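Inspection log for the structure reproduced underneath, given as structure tokens.
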Amino acid sequence: MTVAIIQFGGSNCDNDVLHVLQDVLGIDAELVWYKEEKLDDYEAAVIPGGFSYGDYLRSGAIASRTPIMDAVRKMADNGKPVMGICNGFQILTESGLLEGALTTNSYPKFKCEWSYLRVENTNTPFTSMYEKGQVIRIPIAHKDGKYYHDDPSLQQLEDNNQVVFRYVDENGNPTEAVNPNGSRHNIAGITNKTGNVLGMMPHPERASETIMGADDGLLMFKSMIESGRK
């Protein structure tokens with residue numbers, strides 16, 4: 001599998017993702033600048049975290065309107081895996097590739113800490129190597145990570161199994177106390193209806209080696225790679 005890691009002005013987790021894919025997993029991955037207009041030679045794409053364009057206007061708003069996002073949209077329409085992490089999740093919602101919006105945390109400060117997530121759906125290209133209900137430990141680092149959607153749309157997300165990750169305690173309970181940003185339904189990550197586009201606020205690339213404190217995120221990238229081999 002050849003993976004494009006999309007770079008914008010202000011991206012700062014691009015090389016982290018590149019390291020995991022290239023050095024840890026031995027996958028052919030490349031950094032691709034936002035001015036590129038075609039991604040036909042790539043089998044998957046990752047939009048990494050950071051502060052694209054300084055979060056000017058809204059987090060991800062400007063990046064979502066750059067030329068490369070038309071190519072990302074084409075990849076998604078063709079069923080290829082597209083993963084957006086943190087700012088990447090914001091970009092995917094701003095571009096309409098994912099539903100809902102990411103808004104300022106309920107406690108309006110930047111939060112950088114470890115979080116527990118419960119895997120809600122293993123029938124995606126990104127979660128097939130996990131077990132349903134498995135609790136994993138992945139760090140967050142954001143100020144605008146509060147997921148919002150209206151009630152009817154939230155119910156549709158739940159009914160369609162589009163909620164992939166939920167903030168929980170270490171025993172798997174989705175309480176208000178362990179919701180780091182006030183996301184509705186403790187949502188930490190969702191997919192589109194077909195399941196090939198994932199957006200999540202936590203950073204799996206920062207939990208892909210035991211030396212970093214946890215490697216629970218590595219299975220996400222392994223799952224994506226394995227999906228491309230089928």
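Residues in the structure tokens are numbered from 1 in each chain, the chains being A, B, ... in the order shown, and ligands are numbered from 1 in the order shown.
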Residues within 6 Å of range 138-142 of chain A, please, as a list of chain:residue names. Count only C-alpha atoms; anything in the same chain fewer than 2 positions from it doesn't count.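 Listed by chain and then number, they are A:Phe110, A:Lys111, A:Cys112, A:Glu113, A:Trp114, A:Ser115, A:Asp144, A:Gly145, A:Pro202, A:His203, A:Ala207.
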For the selection you just gave me, I'd like the residues written to a file as an mmCIF file, in the first residue's frame, keeping N, CA, C and O atoms.
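Output below, filename out37.cif:
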data_model
loop_
_atom_site.group_PDB
_atom_site.id
_atom_site.type_symbol
_atom_site.label_atom_id
_atom_site.label_comp_id
_atom_site.auth_asym_id
_atom_site.auth_seq_id
_atom_site.Cartn_x
_atom_site.Cartn_y
_atom_site.Cartn_z
ATOM 1 N N PHE A 110 -6.658 24.331 25.713
ATOM 2 C CA PHE A 110 -5.972 23.225 25.033
ATOM 3 C C PHE A 110 -5.748 22.107 26.040
ATOM 4 O O PHE A 110 -5.264 22.340 27.162
ATOM 5 N N LYS A 111 -6.088 20.879 25.646
ATOM 6 C CA LYS A 111 -5.910 19.730 26.532
ATOM 7 C C LYS A 111 -4.979 18.721 25.870
ATOM 8 O O LYS A 111 -5.178 18.354 24.705
ATOM 9 N N CYS A 112 -3.975 18.290 26.602
ATOM 10 C CA CYS A 112 -3.030 17.288 26.121
ATOM 11 C C CYS A 112 -2.885 16.250 27.227
ATOM 12 O O CYS A 112 -2.271 16.525 28.269
ATOM 13 N N GLU A 113 -3.489 15.076 27.019
ATOM 14 C CA GLU A 113 -3.511 14.052 28.050
ATOM 15 C C GLU A 113 -3.876 12.699 27.436
ATOM 16 O O GLU A 113 -4.336 12.621 26.303
ATOM 17 N N TRP A 114 -3.667 11.658 28.209
ATOM 18 C CA TRP A 114 -4.060 10.324 27.765
ATOM 19 C C TRP A 114 -5.557 10.146 27.967
ATOM 20 O O TRP A 114 -6.131 10.636 28.945
ATOM 21 N N SER A 115 -6.190 9.438 27.026
ATOM 22 C CA SER A 115 -7.614 9.128 27.129
ATOM 23 C C SER A 115 -7.836 7.650 26.837
ATOM 24 O O SER A 115 -7.085 7.040 26.065
ATOM 25 N N ASP A 144 -10.142 22.481 20.089
ATOM 26 C CA ASP A 144 -11.431 22.464 19.396
ATOM 27 C C ASP A 144 -11.788 21.021 19.039
ATOM 28 O O ASP A 144 -11.821 20.649 17.866
ATOM 29 N N GLY A 145 -12.053 20.212 20.064
ATOM 30 C CA GLY A 145 -12.313 18.796 19.828
ATOM 31 C C GLY A 145 -13.684 18.323 20.250
ATOM 32 O O GLY A 145 -13.968 17.133 20.248
ATOM 33 N N PRO A 202 -8.354 11.857 19.012
ATOM 34 C CA PRO A 202 -7.120 11.294 19.602
ATOM 35 C C PRO A 202 -6.078 10.966 18.538
ATOM 36 O O PRO A 202 -6.401 10.793 17.359
ATOM 37 N N HIS A 203 -4.821 10.840 18.980
ATOM 38 C CA HIS A 203 -3.681 10.671 18.088
ATOM 39 C C HIS A 203 -3.129 9.241 18.129
ATOM 40 O O HIS A 203 -2.260 8.943 18.961
ATOM 41 N N ALA A 207 0.658 6.746 19.860
ATOM 42 C CA ALA A 207 0.518 5.550 20.687
ATOM 43 C C ALA A 207 0.739 4.319 19.818
ATOM 44 O O ALA A 207 -0.051 3.378 19.815
#
Could you give me the residues within range 15-198 of chain A that DSSP places in strand (DSSP E or B), as a VMD selection string? chain A and resid 28 to 33 44 to 47 50 82 to 85 101 to 103 111 to 119 135 to 142 146 to 148 163 to 168 187 to 191 197 to 198
So that I can see what lies close to Asn161 in chain A, please list as a ChimeraX atom specification the residues with an atom at most 9 Å from it, counting only C-alpha atoms and leaving out residues fewer than 5 positions away in the same chain. /A:120-121,156,190-191,193
Residues just named, written with N, CA, C and O atoms as a PDB file, in the first residue's frame:
ATOM      1  N   GLU A 120     -16.138   0.895  19.140  1.00  0.00           N
ATOM      2  CA  GLU A 120     -17.571   0.622  18.971  1.00  0.00           C
ATOM      3  C   GLU A 120     -17.902  -0.155  17.698  1.00  0.00           C
ATOM      4  O   GLU A 120     -18.940  -0.802  17.625  1.00  0.00           O
ATOM      5  N   ASN A 121     -17.042  -0.064  16.710  1.00  0.00           N
ATOM      6  CA  ASN A 121     -17.322  -0.689  15.413  1.00  0.00           C
ATOM      7  C   ASN A 121     -16.022  -1.237  14.847  1.00  0.00           C
ATOM      8  O   ASN A 121     -15.076  -0.478  14.612  1.00  0.00           O
ATOM      9  N   GLN A 156     -28.962   8.940  13.982  1.00  0.00           N
ATOM     10  CA  GLN A 156     -28.641   8.248  12.730  1.00  0.00           C
ATOM     11  C   GLN A 156     -27.214   7.712  12.753  1.00  0.00           C
ATOM     12  O   GLN A 156     -26.959   6.589  12.297  1.00  0.00           O
ATOM     13  N   ILE A 190     -15.633   9.089  14.269  1.00  0.00           N
ATOM     14  CA  ILE A 190     -16.750   8.614  13.457  1.00  0.00           C
ATOM     15  C   ILE A 190     -16.256   8.276  12.050  1.00  0.00           C
ATOM     16  O   ILE A 190     -15.156   8.651  11.657  1.00  0.00           O
ATOM     17  N   THR A 191     -17.112   7.579  11.306  1.00  0.00           N
ATOM     18  CA  THR A 191     -16.855   7.344   9.886  1.00  0.00           C
ATOM     19  C   THR A 191     -17.997   7.927   9.049  1.00  0.00           C
ATOM     20  O   THR A 191     -19.035   8.320   9.576  1.00  0.00           O
ATOM     21  N   LYS A 193     -20.824   7.054   5.966  1.00  0.00           N
ATOM     22  CA  LYS A 193     -21.786   5.947   5.923  1.00  0.00           C
ATOM     23  C   LYS A 193     -21.186   4.671   5.361  1.00  0.00           C
ATOM     24  O   LYS A 193     -21.567   3.567   5.749  1.00  0.00           O
TER      25      LYS A 193
END
Name the residues in contact with Asn12 in chain A at a cut-off of 9 Å, using only C-alpha atoms, excluding same-chain residues fewer than 2 positions from it; report them as JSON, numbers by chain. {"A": [7, 8, 9, 10, 14, 15, 16, 48, 49, 50, 51, 52]}
Produce a file of the selected residues containing all heavy atoms, as a CSV table (one decimal), in the first residue's frame.
chain,number,residue,atom,x,y,z
A,7,GLN,N,0.0,17.4,3.7
A,7,GLN,CA,0.6,18.5,4.4
A,7,GLN,C,0.0,19.8,4.1
A,7,GLN,O,-0.2,20.2,2.9
A,7,GLN,CB,2.1,18.6,4.1
A,7,GLN,CG,3.0,17.6,4.7
A,7,GLN,CD,4.5,17.9,4.4
A,7,GLN,OE1,4.8,18.0,3.2
A,7,GLN,NE2,5.3,18.0,5.4
A,8,PHE,N,-0.3,20.6,5.1
A,8,PHE,CA,-0.8,22.0,5.0
A,8,PHE,C,0.2,22.9,5.7
A,8,PHE,O,0.9,22.4,6.6
A,8,PHE,CB,-2.2,22.1,5.5
A,8,PHE,CG,-3.2,21.3,4.9
A,8,PHE,CD1,-3.6,20.0,5.4
A,8,PHE,CD2,-3.9,21.7,3.7
A,8,PHE,CE1,-4.5,19.2,4.8
A,8,PHE,CE2,-4.8,20.9,3.1
A,8,PHE,CZ,-5.2,19.7,3.7
A,9,GLY,N,0.1,24.2,5.5
A,9,GLY,CA,0.8,25.1,6.3
A,9,GLY,C,0.3,25.0,7.7
A,9,GLY,O,-0.9,25.3,7.9
A,10,GLY,N,1.1,24.6,8.7
A,10,GLY,CA,0.7,24.5,10.1
A,10,GLY,C,0.5,23.0,10.5
A,10,GLY,O,0.3,22.8,11.7
A,14,ASP,N,2.6,15.4,10.8
A,14,ASP,CA,2.8,14.8,9.5
A,14,ASP,C,4.0,13.8,9.6
A,14,ASP,O,3.9,12.6,9.1
A,14,ASP,CB,3.0,15.8,8.4
A,14,ASP,CG,3.9,17.0,8.8
A,14,ASP,OD1,4.3,17.0,9.9
A,14,ASP,OD2,4.0,17.9,7.9
A,15,ASN,N,5.1,14.2,10.2
A,15,ASN,CA,6.3,13.4,10.2
A,15,ASN,C,6.1,12.3,11.3
A,15,ASN,O,6.8,11.2,11.1
A,15,ASN,CB,7.6,14.2,10.6
A,15,ASN,CG,8.1,14.9,9.3
A,15,ASN,OD1,8.5,14.3,8.4
A,15,ASN,ND2,8.0,16.3,9.3
A,16,ASP,N,5.3,12.5,12.3
A,16,ASP,CA,5.0,11.4,13.2
A,16,ASP,C,4.3,10.3,12.5
A,16,ASP,O,4.6,9.1,12.7
A,16,ASP,CB,4.1,11.9,14.3
A,16,ASP,CG,4.7,13.1,15.1
A,16,ASP,OD1,4.9,14.1,14.5
A,16,ASP,OD2,4.9,12.9,16.3
A,48,PRO,N,-3.1,14.6,8.8
A,48,PRO,CA,-2.5,14.5,10.1
A,48,PRO,C,-3.0,15.7,11.0
A,48,PRO,O,-3.7,16.6,10.5
A,48,PRO,CB,-1.0,14.6,9.9
A,48,PRO,CG,-0.9,15.4,8.7
A,48,PRO,CD,-2.1,15.0,7.8
A,49,GLY,N,-2.6,15.7,12.2
A,49,GLY,CA,-3.0,16.8,13.1
A,49,GLY,C,-2.1,18.0,13.0
A,49,GLY,O,-1.1,18.0,12.2
A,50,GLY,N,-2.4,19.0,13.7
A,50,GLY,CA,-1.6,20.3,13.6
A,50,GLY,C,-2.6,21.4,13.8
A,50,GLY,O,-3.7,21.3,14.4
A,51,PHE,N,-2.2,22.6,13.2
A,51,PHE,CA,-3.0,23.8,13.3
A,51,PHE,C,-2.9,24.4,11.9
A,51,PHE,O,-2.3,25.5,11.7
A,51,PHE,CB,-2.4,24.7,14.4
A,51,PHE,CG,-2.4,24.1,15.7
A,51,PHE,CD1,-1.2,23.5,16.2
A,51,PHE,CD2,-3.5,24.2,16.6
A,51,PHE,CE1,-1.2,22.9,17.4
A,51,PHE,CE2,-3.4,23.6,17.8
A,51,PHE,CZ,-2.3,23.0,18.3
A,52,SER,N,-3.6,23.8,10.9
A,52,SER,CA,-3.5,24.3,9.6
A,52,SER,C,-4.0,25.7,9.5
A,52,SER,O,-5.0,26.1,10.0
A,52,SER,CB,-4.3,23.4,8.6
A,52,SER,OG,-5.7,23.3,9.1
Which residues of range 45-89 of chain A sit at most 12 Å from range 165-188 of chain A, using only C-alpha atoms? Give each one's shortest atom pair and distance in Å (one decimal place), in chain and ascending residue order, as JSON lines.
{"residue": "A:Ile85", "atom": "CA", "partner": "A:Ala188", "partner_atom": "CA", "distance": 10.5}
{"residue": "A:Cys86", "atom": "CA", "partner": "A:Ala188", "partner_atom": "CA", "distance": 9.8}
{"residue": "A:Phe89", "atom": "CA", "partner": "A:Ala188", "partner_atom": "CA", "distance": 10.1}
Select, from A:Asp215, A:Glu205, A:Glu37, A:Asp23, the residue with the minimum atom-to-atom distance to Met75 in chain A, counting only C-alpha atoms. A:Glu37
Between A:Thr210, A:Ala4, A:Leu117, A:Thr194, which has the minimum distance to Leu157 in chain A (counting only C-alpha atoms)? A:Thr194
